[in-house]
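Written below as structure tokens is the structure these notes are about.
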Amino acid sequence: MKKAMFTVLSAALLLAGCSSGGSKDTGSTTAPSASAAATAAASNKPVTLRVAWWGGQSRHDYTLKLIELYQQKNPNVKIESEYAAFDDYWKKLAPQAAANGLPDVFQMDISYLTQYGSKGQLEDLTPFTTSGVLDVKDISENNLSGGKVDGKLVAMNAGSNALGATIDSQMLKDAGVTLKDDWTFSDLDAVGAALKAKGKLLGGDLRHDVYFPFYLRSVGQKLYAADGTQLGYSDDKPFIDYYTMYKKWYDSGYILPLDKLAQKKGVAEDDEMVLGNAAATFQWSNQFIGFNTAAKRSLDIAKTPSWSQNKALFLKPSMFWSVSKNSKNKEEAAKFVNFLINDIDANKIIMGERGVPVSSKVKEALMPLLSPEQKKVFEYVAWAEKNASPMDPPSPIGSVEVEKLLKDTAEQILYKKLTVEEGAAKFRKDANAILAKNKK
């Protein structure tokens, strides 16, 4: 979800969606009421919106096309764009939040949703769904629920995705590897060994904040307790088992050394699989198009390791759109979010890059237009929907700090500054201390 690319669409497709929107002409000759005239005047009032997002260069490029299209349809609106790679994005957003200067509309990630939502920094979008400014009639409650904090809809699901492995099938074939349908984390050792024999990597890495929680699901555990005041497990065995495997992959040279990993910018262009050095990248399904485009060769989506164990697989909002509480143009901000979610012309530009559309109407309109690569994403998410169990609740306050602690602890293990057992105990102790602050 975080390092995505997109094929630039033709100018003809963009122009096809540039007709001005308006109310349907009923043929009535009745003069507009005073309130209707006031509403029309308000809709023509110049408005400036700040809109922010993270992503790779191609996401930036097509989002600027979306903004251009929206401004053509709404000539009174001027949009100022702000964008960055994922890590830099949150570094920029934090001081803006502290100064009550968040953008009017901005991408939100589930890792930060509770942190921003519980502090009153995100506008409740429910009144806009009631008024119809934000149209949710073609969106299931399941797709809406992930954006709720304390019962308020503070984030609009931009699209659904699922964990998967983007793979170079030819490279795997050349290494004599055939992935089983129900392959597991323990199978990665044999796959990595076969690839290393051919001078290739398994992958750059497996993100600790993504794959350790997923591993916990596969063994019937959770990273966080339901009330968010402590970790969801009390026995260190899952941590020890996972990071014993991970350390073996690392020590065996199946994944990238930490010093080289630190040089990565977190975009598709510098991914080891894209560069032809690795057979896989373990990411979210919506990122497949970006990797496929950057790689300039045909790739495939494989099921994520251990997907079938304890029904670990789940559908996740790839990202959200939120409106800031401090916005002075909240209704116009909600209209822009509605445009991103429901406008057919807009979604002909997005084409599911931010996740498979949550609107059934939009999804249906896009199906005949999908490229073979895009179909792979839509079909994978459709398969995942049939094989998924409910996702975990939004991460609690302090989760960003816990995720950083997990990454730091894992690196200390890989650098042999801590044993796996010492790392497990340290992580549990320090993470519980962070989460204990949530106790009321």
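Residues in the structure tokens are numbered from 1 in each chain, the chains being A, B, ... in the order shown, and ligands are numbered from 1 in the order shown.
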| query | What lies within 12 Å of Asn310 of chain A using only C-alpha atoms, ignoring chain neighbours under 5 positions off, as a list of chain:residue names? | reply | A:Thr184, A:Phe214, A:Tyr215, A:Leu216, A:Arg217, A:Ser218, A:Val219, A:Gly220, A:Gln221, A:Lys222, A:Asn387, A:Ala388, A:Ser389, A:Pro390
Would you put the residues from that selection into a file with N, CA and C atoms, as a tab-separated table (two decimals), in the first residue's frame?
chain	number	residue	atom	x	y	z
A	184	THR	N	4.00	-22.11	3.54
A	184	THR	CA	4.05	-21.48	4.86
A	184	THR	C	5.38	-20.75	5.05
A	214	PHE	N	1.12	-10.76	11.19
A	214	PHE	CA	0.46	-11.77	10.36
A	214	PHE	C	0.84	-13.17	10.83
A	215	TYR	N	2.12	-13.35	11.15
A	215	TYR	CA	2.54	-14.65	11.69
A	215	TYR	C	1.78	-14.97	12.97
A	216	LEU	N	1.60	-13.97	13.83
A	216	LEU	CA	0.84	-14.20	15.07
A	216	LEU	C	-0.57	-14.68	14.76
A	217	ARG	N	-1.22	-14.07	13.75
A	217	ARG	CA	-2.56	-14.53	13.36
A	217	ARG	C	-2.51	-15.99	12.93
A	218	SER	N	-1.44	-16.39	12.24
A	218	SER	CA	-1.35	-17.76	11.73
A	218	SER	C	-1.18	-18.80	12.84
A	219	VAL	N	-0.75	-18.35	14.02
A	219	VAL	CA	-0.63	-19.27	15.16
A	219	VAL	C	-1.69	-18.96	16.23
A	220	GLY	N	-2.74	-18.26	15.81
A	220	GLY	CA	-3.87	-18.01	16.70
A	220	GLY	C	-3.65	-16.94	17.75
A	221	GLN	N	-2.71	-16.03	17.51
A	221	GLN	CA	-2.43	-14.96	18.47
A	221	GLN	C	-2.66	-13.60	17.81
A	222	LYS	N	-2.62	-12.54	18.62
A	222	LYS	CA	-2.75	-11.17	18.13
A	222	LYS	C	-1.60	-10.34	18.66
A	387	ASN	N	-11.78	-16.15	1.31
A	387	ASN	CA	-10.94	-16.97	2.19
A	387	ASN	C	-10.42	-16.21	3.41
A	388	ALA	N	-10.94	-15.02	3.62
A	388	ALA	CA	-10.42	-14.17	4.70
A	388	ALA	C	-11.28	-14.29	5.95
A	389	SER	N	-10.64	-14.03	7.07
A	389	SER	CA	-11.35	-13.88	8.35
A	389	SER	C	-11.30	-12.40	8.72
A	390	PRO	N	-12.09	-11.95	9.70
A	390	PRO	CA	-12.10	-10.53	10.06
A	390	PRO	C	-10.71	-10.02	10.43
Taking the DSSP assignment computed from this structure's backbone, write out as an mmCIF file with all heavy atoms, in the first residue's frame all residues of segment 110-234 of chain A that belong to strand (DSSP E or B).
data_model
loop_
_atom_site.group_PDB
_atom_site.id
_atom_site.type_symbol
_atom_site.label_atom_id
_atom_site.label_comp_id
_atom_site.auth_asym_id
_atom_site.auth_seq_id
_atom_site.Cartn_x
_atom_site.Cartn_y
_atom_site.Cartn_z
ATOM 1 N N LEU A 122 -9.465 14.268 13.429
ATOM 2 C CA LEU A 122 -10.135 13.865 12.196
ATOM 3 C C LEU A 122 -11.631 14.169 12.284
ATOM 4 O O LEU A 122 -12.275 13.904 13.302
ATOM 5 C CB LEU A 122 -9.926 12.372 11.934
ATOM 6 C CG LEU A 122 -8.482 11.862 11.968
ATOM 7 C CD1 LEU A 122 -8.450 10.364 11.686
ATOM 8 C CD2 LEU A 122 -7.608 12.615 10.970
ATOM 9 N N ILE A 139 -21.589 0.973 -0.981
ATOM 10 C CA ILE A 139 -20.446 0.526 -0.192
ATOM 11 C C ILE A 139 -20.946 -0.275 1.001
ATOM 12 O O ILE A 139 -21.835 0.170 1.730
ATOM 13 C CB ILE A 139 -19.607 1.730 0.296
ATOM 14 C CG1 ILE A 139 -19.128 2.554 -0.913
ATOM 15 C CG2 ILE A 139 -18.417 1.269 1.131
ATOM 16 C CD1 ILE A 139 -18.460 3.853 -0.547
ATOM 17 N N LYS A 148 -13.705 3.473 11.304
ATOM 18 C CA LYS A 148 -14.385 4.029 12.467
ATOM 19 C C LYS A 148 -13.515 3.968 13.718
ATOM 20 O O LYS A 148 -12.851 2.971 13.971
ATOM 21 C CB LYS A 148 -15.708 3.288 12.718
ATOM 22 C CG LYS A 148 -16.739 3.521 11.621
ATOM 23 C CD LYS A 148 -18.063 2.834 11.928
ATOM 24 C CE LYS A 148 -19.094 3.123 10.831
ATOM 25 N NZ LYS A 148 -20.397 2.474 11.099
ATOM 26 N N VAL A 149 -13.536 5.048 14.476
ATOM 27 C CA VAL A 149 -12.861 5.128 15.771
ATOM 28 C C VAL A 149 -13.870 5.687 16.766
ATOM 29 O O VAL A 149 -14.466 6.740 16.524
ATOM 30 C CB VAL A 149 -11.613 6.039 15.712
ATOM 31 C CG1 VAL A 149 -11.016 6.225 17.108
ATOM 32 C CG2 VAL A 149 -10.568 5.466 14.765
ATOM 33 N N LYS A 152 -17.207 6.688 15.336
ATOM 34 C CA LYS A 152 -17.271 7.774 14.354
ATOM 35 C C LYS A 152 -16.507 7.378 13.086
ATOM 36 O O LYS A 152 -15.423 6.807 13.163
ATOM 37 C CB LYS A 152 -16.672 9.054 14.941
ATOM 38 C CG LYS A 152 -17.417 9.592 16.154
ATOM 39 C CD LYS A 152 -16.729 10.842 16.702
ATOM 40 C CE LYS A 152 -17.468 11.383 17.915
ATOM 41 N NZ LYS A 152 -16.789 12.579 18.486
ATOM 42 N N LEU A 153 -17.087 7.713 11.946
ATOM 43 C CA LEU A 153 -16.447 7.422 10.659
ATOM 44 C C LEU A 153 -15.441 8.537 10.369
ATOM 45 O O LEU A 153 -15.778 9.569 9.799
ATOM 46 C CB LEU A 153 -17.491 7.343 9.541
ATOM 47 C CG LEU A 153 -16.949 7.003 8.146
ATOM 48 C CD1 LEU A 153 -16.361 5.599 8.116
ATOM 49 C CD2 LEU A 153 -18.060 7.136 7.096
ATOM 50 N N MET A 156 -12.279 7.309 5.306
ATOM 51 C CA MET A 156 -13.001 6.634 4.233
ATOM 52 C C MET A 156 -12.076 5.668 3.515
ATOM 53 O O MET A 156 -11.015 6.054 3.016
ATOM 54 C CB MET A 156 -13.538 7.668 3.243
ATOM 55 C CG MET A 156 -14.506 7.099 2.244
ATOM 56 S SD MET A 156 -16.032 6.559 3.026
ATOM 57 C CE MET A 156 -16.628 5.400 1.797
ATOM 58 N N ASN A 157 -12.482 4.406 3.474
ATOM 59 C CA ASN A 157 -11.703 3.348 2.849
ATOM 60 C C ASN A 157 -11.452 3.678 1.374
ATOM 61 O O ASN A 157 -12.384 3.837 0.599
ATOM 62 C CB ASN A 157 -12.469 2.029 2.985
ATOM 63 C CG ASN A 157 -11.663 0.822 2.558
ATOM 64 O OD1 ASN A 157 -10.645 0.932 1.901
ATOM 65 N ND2 ASN A 157 -12.137 -0.353 2.933
ATOM 66 N N ALA A 158 -10.174 3.768 0.992
ATOM 67 C CA ALA A 158 -9.825 4.097 -0.395
ATOM 68 C C ALA A 158 -9.843 2.879 -1.298
ATOM 69 O O ALA A 158 -9.865 3.009 -2.525
ATOM 70 C CB ALA A 158 -8.454 4.756 -0.440
ATOM 71 N N GLY A 159 -9.826 1.684 -0.721
ATOM 72 C CA GLY A 159 -9.813 0.462 -1.516
ATOM 73 C C GLY A 159 -9.400 -0.725 -0.678
ATOM 74 O O GLY A 159 -8.735 -0.561 0.351
ATOM 75 N N SER A 160 -9.787 -1.908 -1.079
ATOM 76 C CA SER A 160 -9.481 -3.119 -0.323
ATOM 77 C C SER A 160 -8.253 -3.820 -0.896
ATOM 78 O O SER A 160 -8.034 -3.824 -2.107
ATOM 79 C CB SER A 160 -10.662 -4.095 -0.365
ATOM 80 O OG SER A 160 -11.792 -3.521 0.248
ATOM 81 N N ASN A 161 -7.473 -4.419 -0.014
ATOM 82 C CA ASN A 161 -6.350 -5.227 -0.472
ATOM 83 C C ASN A 161 -6.104 -6.373 0.489
ATOM 84 O O ASN A 161 -6.762 -6.503 1.527
ATOM 85 C CB ASN A 161 -5.086 -4.377 -0.681
ATOM 86 C CG ASN A 161 -4.559 -3.766 0.591
ATOM 87 O OD1 ASN A 161 -5.061 -4.011 1.683
ATOM 88 N ND2 ASN A 161 -3.529 -2.952 0.465
ATOM 89 N N LEU A 163 -2.692 -9.166 1.824
ATOM 90 C CA LEU A 163 -1.273 -9.509 1.716
ATOM 91 C C LEU A 163 -1.062 -10.558 0.632
ATOM 92 O O LEU A 163 -1.854 -11.488 0.492
ATOM 93 C CB LEU A 163 -0.760 -10.057 3.056
ATOM 94 C CG LEU A 163 -0.263 -9.042 4.075
ATOM 95 C CD1 LEU A 163 0.170 -9.750 5.350
ATOM 96 C CD2 LEU A 163 0.897 -8.215 3.525
ATOM 97 N N GLY A 164 -0.006 -10.370 -0.120
ATOM 98 C CA GLY A 164 0.354 -11.331 -1.143
ATOM 99 C C GLY A 164 1.827 -11.196 -1.457
ATOM 100 O O GLY A 164 2.504 -10.306 -0.946
ATOM 101 N N ALA A 165 2.323 -12.064 -2.290
ATOM 102 C CA ALA A 165 3.716 -11.987 -2.721
ATOM 103 C C ALA A 165 3.739 -11.696 -4.215
ATOM 104 O O ALA A 165 3.193 -12.462 -5.008
ATOM 105 C CB ALA A 165 4.446 -13.296 -2.423
ATOM 106 N N THR A 166 4.322 -10.565 -4.579
ATOM 107 C CA THR A 166 4.545 -10.294 -5.992
ATOM 108 C C THR A 166 5.788 -11.068 -6.400
ATOM 109 O O THR A 166 6.860 -10.879 -5.810
ATOM 110 C CB THR A 166 4.742 -8.792 -6.240
ATOM 111 O OG1 THR A 166 3.531 -8.104 -5.905
ATOM 112 C CG2 THR A 166 5.072 -8.522 -7.699
ATOM 113 N N ILE A 167 5.642 -11.956 -7.384
ATOM 114 C CA ILE A 167 6.740 -12.881 -7.690
ATOM 115 C C ILE A 167 7.154 -12.823 -9.165
ATOM 116 O O ILE A 167 6.348 -12.509 -10.044
ATOM 117 C CB ILE A 167 6.361 -14.338 -7.338
ATOM 118 C CG1 ILE A 167 5.118 -14.789 -8.130
ATOM 119 C CG2 ILE A 167 6.131 -14.487 -5.840
ATOM 120 C CD1 ILE A 167 4.838 -16.278 -8.028
ATOM 121 N N LEU A 201 18.225 -13.447 -4.484
ATOM 122 C CA LEU A 201 17.647 -13.313 -3.156
ATOM 123 C C LEU A 201 16.214 -13.819 -3.146
ATOM 124 O O LEU A 201 15.540 -13.857 -4.186
ATOM 125 C CB LEU A 201 17.633 -11.837 -2.720
ATOM 126 C CG LEU A 201 18.977 -11.134 -2.520
ATOM 127 C CD1 LEU A 201 18.751 -9.633 -2.351
ATOM 128 C CD2 LEU A 201 19.699 -11.689 -1.305
ATOM 129 N N GLY A 203 13.995 -12.129 -1.228
ATOM 130 C CA GLY A 203 13.386 -10.808 -1.299
ATOM 131 C C GLY A 203 14.241 -9.818 -0.544
ATOM 132 O O GLY A 203 15.256 -10.194 0.066
ATOM 133 N N TYR A 224 -1.901 -7.113 19.525
ATOM 134 C CA TYR A 224 -2.419 -6.247 20.576
ATOM 135 C C TYR A 224 -3.630 -6.861 21.260
ATOM 136 O O TYR A 224 -4.456 -7.507 20.611
ATOM 137 C CB TYR A 224 -2.818 -4.887 19.999
ATOM 138 C CG TYR A 224 -1.684 -4.142 19.347
ATOM 139 C CD1 TYR A 224 -1.645 -3.961 17.959
ATOM 140 C CD2 TYR A 224 -0.633 -3.623 20.102
ATOM 141 C CE1 TYR A 224 -0.601 -3.273 17.353
ATOM 142 C CE2 TYR A 224 0.414 -2.940 19.503
ATOM 143 C CZ TYR A 224 0.427 -2.773 18.130
ATOM 144 O OH TYR A 224 1.461 -2.100 17.534
ATOM 145 N N LEU A 231 0.280 -6.149 24.942
ATOM 146 C CA LEU A 231 0.365 -7.034 23.785
ATOM 147 C C LEU A 231 -0.717 -8.107 23.876
ATOM 148 O O LEU A 231 -1.214 -8.409 24.965
ATOM 149 C CB LEU A 231 1.742 -7.685 23.720
ATOM 150 C CG LEU A 231 2.930 -6.757 23.410
ATOM 151 C CD1 LEU A 231 4.240 -7.539 23.459
ATOM 152 C CD2 LEU A 231 2.776 -6.077 22.055
#
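The spacing separating atom CA of Lys328 of chain A from atom CA of Leu49 of chain A amounts to 9.1 Å.
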For Leu93 of chain A: contacts at 12 Å, only C-alpha atoms, fewer than 3 positions along chain excluded, given as a list of chain:residue names: A:Val51, A:Ala52, A:Trp53, A:Trp54, A:Glu82, A:Tyr83, A:Ala84, A:Phe86, A:Asp87, A:Asp88, A:Tyr89, A:Trp90, A:Gln96, A:Ala97, A:Ala98, A:Ala99, A:Asn100, A:Gly101, A:Leu102, A:Pro103, A:Val105, A:Phe106, A:Gln107, A:Met108, A:Tyr112, A:Tyr116, A:Gln121, A:Ser324
List the neighbours of segment 243-257 of chain A out to 7 Å using only C-alpha atoms; skip same-chain residues closer than 5 positions along the sequence, and give me the result as a count of residues only. 10
Please, what distance in Å, to one decimal, runs between atom CA of Glu403 of chain A and atom CA of Ala262 of chain A?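 Atom CA of Ala262 of chain A lies 16.6 Å from atom CA of Glu403 of chain A.
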Just want the 9 Å neighbourhood of segment 338-341 of chain A, counted on only C-alpha atoms, with same-chain residues fewer than 6 positions away dropped. Output as a list in words. Leu66, Tyr70, Val133, Leu134, Asp135, Val136, Met156, Asn157, Ala158, Gly159, Trp321, Asn347, Ile350, Pro357, Val358, Ser359 and Val362 of chain A
Nearby residues (only C-alpha atoms) at most 7 Å from Glu353 of chain A, same-chain spacing under 2 positions excluded, as an mmCIF file with all heavy atoms, in the first residue's frame:
data_model
loop_
_atom_site.group_PDB
_atom_site.id
_atom_site.type_symbol
_atom_site.label_atom_id
_atom_site.label_comp_id
_atom_site.auth_asym_id
_atom_site.auth_seq_id
_atom_site.Cartn_x
_atom_site.Cartn_y
_atom_site.Cartn_z
ATOM 1 N N PHE A 6 2.043 3.448 -11.098
ATOM 2 C CA PHE A 6 0.876 3.304 -11.945
ATOM 3 C C PHE A 6 1.240 3.661 -13.381
ATOM 4 O O PHE A 6 2.047 4.553 -13.604
ATOM 5 C CB PHE A 6 -0.217 4.246 -11.461
ATOM 6 C CG PHE A 6 -1.537 4.015 -12.120
ATOM 7 C CD1 PHE A 6 -2.337 2.956 -11.724
ATOM 8 C CD2 PHE A 6 -1.977 4.834 -13.130
ATOM 9 C CE1 PHE A 6 -3.547 2.726 -12.311
ATOM 10 C CE2 PHE A 6 -3.187 4.613 -13.723
ATOM 11 C CZ PHE A 6 -3.982 3.567 -13.315
ATOM 12 N N ASN A 286 -2.486 -4.197 -3.650
ATOM 13 C CA ASN A 286 -2.644 -2.979 -4.448
ATOM 14 C C ASN A 286 -1.308 -2.473 -4.992
ATOM 15 O O ASN A 286 -1.267 -1.685 -5.930
ATOM 16 C CB ASN A 286 -3.324 -1.872 -3.638
ATOM 17 C CG ASN A 286 -2.425 -1.299 -2.555
ATOM 18 O OD1 ASN A 286 -2.061 -2.002 -1.612
ATOM 19 N ND2 ASN A 286 -2.070 -0.039 -2.667
ATOM 20 N N GLN A 287 -0.187 -2.949 -4.430
ATOM 21 C CA GLN A 287 1.119 -2.504 -4.886
ATOM 22 C C GLN A 287 1.621 -3.284 -6.103
ATOM 23 O O GLN A 287 2.645 -2.932 -6.685
ATOM 24 C CB GLN A 287 2.124 -2.616 -3.732
ATOM 25 C CG GLN A 287 1.788 -1.686 -2.575
ATOM 26 C CD GLN A 287 2.687 -1.923 -1.387
ATOM 27 O OE1 GLN A 287 2.389 -2.730 -0.515
ATOM 28 N NE2 GLN A 287 3.791 -1.223 -1.326
ATOM 29 N N ILE A 289 0.571 -3.523 -9.204
ATOM 30 C CA ILE A 289 0.655 -2.768 -10.457
ATOM 31 C C ILE A 289 1.923 -1.928 -10.484
ATOM 32 O O ILE A 289 2.627 -1.860 -11.496
ATOM 33 C CB ILE A 289 -0.583 -1.869 -10.639
ATOM 34 C CG1 ILE A 289 -1.858 -2.723 -10.753
ATOM 35 C CG2 ILE A 289 -0.427 -1.001 -11.884
ATOM 36 C CD1 ILE A 289 -1.879 -3.657 -11.919
ATOM 37 N N ILE A 350 -7.462 6.064 -11.515
ATOM 38 C CA ILE A 350 -6.871 5.322 -10.391
ATOM 39 C C ILE A 350 -6.721 3.839 -10.743
ATOM 40 O O ILE A 350 -5.692 3.218 -10.464
ATOM 41 C CB ILE A 350 -7.752 5.468 -9.129
ATOM 42 C CG1 ILE A 350 -7.901 6.937 -8.737
ATOM 43 C CG2 ILE A 350 -7.142 4.677 -7.966
ATOM 44 C CD1 ILE A 350 -8.939 7.185 -7.643
ATOM 45 N N MET A 351 -7.735 3.258 -11.338
ATOM 46 C CA MET A 351 -7.759 1.856 -11.775
ATOM 47 C C MET A 351 -7.318 0.889 -10.672
ATOM 48 O O MET A 351 -6.574 -0.056 -10.913
ATOM 49 C CB MET A 351 -6.901 1.676 -13.025
ATOM 50 C CG MET A 351 -7.468 2.334 -14.263
ATOM 51 S SD MET A 351 -9.103 1.718 -14.766
ATOM 52 C CE MET A 351 -8.668 0.164 -15.519
ATOM 53 N N GLY A 355 -6.048 0.234 -4.147
ATOM 54 C CA GLY A 355 -6.865 -0.859 -3.641
ATOM 55 C C GLY A 355 -8.086 -1.060 -4.515
ATOM 56 O O GLY A 355 -8.525 -0.139 -5.217
#
### Query
Looking at only C-alpha atoms, which of A:Leu258, A:Val191, A:Leu369, A:Val267 is the one that sits closest to Asp408 of chain A?
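The shortest atom-to-atom distance to Asp408 of chain A comes from A:Leu258.
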In Å, with one decimal, what is the gap from atom CA of Asn432 of chain A to atom CA of Lys404 of chain A?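 Between these atoms lies a distance of 13.7 Å.
Between His60 of chain A and the residues A:Lys416, A:His208, A:Lys91, A:Ser81, the shortest atom-to-atom distance, using only C-alpha atoms, involves A:Ser81.
Excluding Asp235 of chain A itself and same-chain residues fewer than 5 positions from it, the residues having an atom within 12 Å of it are Leu216, Gln221, Lys222, Leu223, Ile240, Asp241, Glu421, Ala424, Ala425, Phe427, Arg428 and Lys429 of chain A, counting only C-alpha atoms.
With only C-alpha atoms as the atoms that count, the minimum distance from Arg297 of chain A to the choices A:Leu144, A:Val274, A:Gln263, A:Tyr62 is reached by A:Val274.
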Out of segment 96-278 of chain A, which residues get helix (DSSP H, G or I) from DSSP, as a VMD selection string? chain A and resid 96 to 98 110 to 117 126 to 131 141 to 145 169 to 174 185 to 196 208 to 218 237 to 251 258 to 261 268 to 270
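For the set A:Asn277, A:Ser186, A:Ser234, A:Gln283, the residue with the smallest atom-to-atom gap to Leu206 of chain A is A:Gln283, counting only C-alpha atoms.
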Using only C-alpha atoms, the shortest atom-to-atom distance to Pro238 of chain A among A:Asp124, A:Pro213, A:Lys376, A:Val356 belongs to A:Pro213
Restricting to only C-alpha atoms, whichever of A:Asp174, A:Asp392, A:Glu379, A:Asp259 is closest to Ile301 of chain A is A:Glu379
